[in-house]
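S.K.: Okay, handing you the structure first.
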Amino acid sequence: MRADRLVSLVLLLRRHGRLSATSLARELEVSTRTVLRDVEALSAAGVPVYAERGRHGGFALLPGFRTELTGLNHDEALALLVAGSRRGAQVFGLGSALASAMLKVVDALPEGYRQTAAGAAERLLVDPEIDLLARRCAEEELPDAVVAQVRRAVFAGRRLRIRYEASGSAARWRTVDPIGLVTARGQGYLLARRAGEDRTYRLSRVLAAEELDEPAERPDRVDLDRLWQERSTRFRTGGDQVAVVLRVDPARREELVRTALAVLAEEPDRDRLRMEVTFQDARHAEWALWQLSTGAEALEPQWLRDRVRDRAAAVAGRYGEGSR
């Protein structure tokens with residue numbers, strides 16, 4: 001919306017002092033022609049923005065001008081700045097709105113708080129893109145138009161028609177009653193009901209979405225945290241999934257966690273870790289244990305121990321002395 005963009009333009013000039021039309025266009029994600037029109041609109045509205053000519057010229061505000069946005073203390077602003085560093089807003093298509101809001105938060109602070117709050121926020125990191133083992137956390141790329149339709153339906157309480165591509169299946173249309181949106185480890189999910197049954201959809205698999213002119217059948221209030229925990233528990237324990245108790249070399253823990261569906265329990269066990277994890281099915285469990293070789297030992301269930309032992313014996317026999 002243009003009104004939000006004009007406010008963002010003013011806040012950018014307040015923060016940086018002077019910016020070229022090209023820099024403003026890049027920050028606001030518009031053309032330089034749009035920036036020039038916005039500057040004209042601000043001047044007509046009485047905002048003291050002026051142009052400086054020359055090689056290092058650009059647009060600036062008269063000294064002392066500021067927008068009025070009050071009511072935040074230092075810690076409240078710091079909390080908002082830290083919250084703004086989370087990647088959930090990107091997953092839900094709110095990145096540009098969040099950037100604009102953060103500019104307003106900084107500008108709202110008294111002069112003495114402004115630099116200290118922004119500086120403090122730089123020293124707090126939430127959900128880094130790379131972990132200690134230098135693995136990059138996967139983050140989904142989602143079409144803004146699709147996410148915007150989903151988000152609007154969730155907030156408006158209207159039914160949603162989505163073209164969804166489930167894992168291993170062809171994409172097809174579904175009509176759902178949206179309940180809420182969740183982001184976990186950089187992945188976005190739509191919690192919904194379909195034909196009266198609970199459903200959870202990965203946003204990255206929603207290829208198209210249409211908000212319908214029908215009210216969604218859902219409760220007026222929802223505890224999204226509790227609902228997410230309940231659905232996560234059902235996912236970890238449902239279907240053909242297999243729970244396995246094992247002892248793992250700490251050096252192979254991350255390899256196990258990457259392939260397992262979920263970690264249900266974990267505790268030290270002498271020089272190893274005792275863990276309870278779930279796998280998709282029996283074949284998945286056997287494959288994962290085989291990949292870990294001597295780095296892990298299945299303790300339960302007994303049938304998995306038997307399968308891995310028999311597989312190892314068959315390999316040993318194939319490579320036994322005198323075989324060709």
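FYI, nothing fancy with the structure tokens labels: chains A, B, ... in order, residues from 1 per chain, ligands from 1 as they appear.
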What's around region 305-316 of chain A at 8 Å? Count only C-alpha atoms, leave out sequence neighbours fewer than 4 positions away in its own chain, and write the answer as a tab-separated table (two decimals) with N, CA and C atoms, in the first residue's frame.

M.R.:
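Resulting contents of part29.tsv:
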chain	number	residue	atom	x	y	z
A	286	GLU	N	15.61	-50.32	9.53
A	286	GLU	CA	16.73	-51.22	9.22
A	286	GLU	C	17.78	-50.50	8.39
A	289	LEU	N	19.84	-47.98	10.60
A	289	LEU	CA	20.81	-48.65	11.48
A	289	LEU	C	21.99	-49.20	10.68
A	290	TRP	N	21.71	-49.70	9.48
A	290	TRP	CA	22.79	-50.23	8.65
A	290	TRP	C	23.75	-49.12	8.23
A	298	ALA	N	20.97	-51.07	18.05
A	298	ALA	CA	19.56	-51.13	18.40
A	298	ALA	C	19.38	-52.01	19.64
A	299	LEU	N	18.69	-51.50	20.64
A	299	LEU	CA	18.39	-52.26	21.85
A	299	LEU	C	16.99	-52.85	21.80
A	300	GLU	N	16.07	-52.11	21.27
A	300	GLU	CA	14.68	-52.54	21.09
A	300	GLU	C	14.17	-51.92	19.79
A	301	PRO	N	13.29	-52.64	19.09
A	301	PRO	CA	12.71	-53.97	19.33
A	301	PRO	C	13.66	-55.10	18.90
A	320	GLY	N	33.62	-63.79	3.11
A	320	GLY	CA	34.40	-64.70	3.94
A	320	GLY	C	35.62	-65.24	3.20

S.K.: Would you pick out the contacts of Pro215 (chain A) at 7 Å or less, using only C-alpha atoms, so that residues sharing its chain but fewer than 2 positions from it are not included, and give the list as a PyMOL selection string?

M.R.: chain A and resi 157-159+213+217

S.K.: One decimal, in Å: what's the spacing between CA of Pro178 (chain A) and CA of Val150 (chain A)?

M.R.: 8.2 Å

S.K.: Given only C-alpha atoms as the basis, pick out the residue of A:Thr22, A:Val35, A:Tyr189, A:Gly57 nearest to Ser8 (chain A).

M.R.: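 Among A:Thr22, A:Val35, A:Tyr189, A:Gly57, it is A:Val35 that comes nearest to Ser8 (chain A).
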
S.K.: Which neighbours of His284 (chain A) fall inside 12 Å, counting only C-alpha atoms, when residues of the same chain fewer than 2 positions from it are skipped, and could you give them as a list in words?

M.R.: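 The filter keeps Asp240, Gln241, Val242, Ala243, Val244, Leu256, Thr259, Ala260, Leu261, Val277, Thr278, Phe279, Gln280, Asp281, Ala282, Glu286, Trp287, Ala288, Leu289, Trp290, Gln291 and Leu304 of chain A.
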
S.K.: Would you kindly return, as a PyMOL selection string, each protein, DNA or RNA residue with an atom no farther than 9 Å from any atom of Ala21 (chain A), considering only C-alpha atoms and excluding same-chain residues fewer than 3 positions away?

M.R.: chain A and resi 24-26+31-33+35-36+58-59

S.K.: Any idea what's packed within 6 Å of region 246-253 of chain A, counting only C-alpha atoms, ignoring anything in its chain fewer than 2 positions away? Could you give it as JSON, numbers by chain?

M.R.: {"A": [255, 256, 272, 273, 274, 275, 295, 296, 297, 298, 299]}
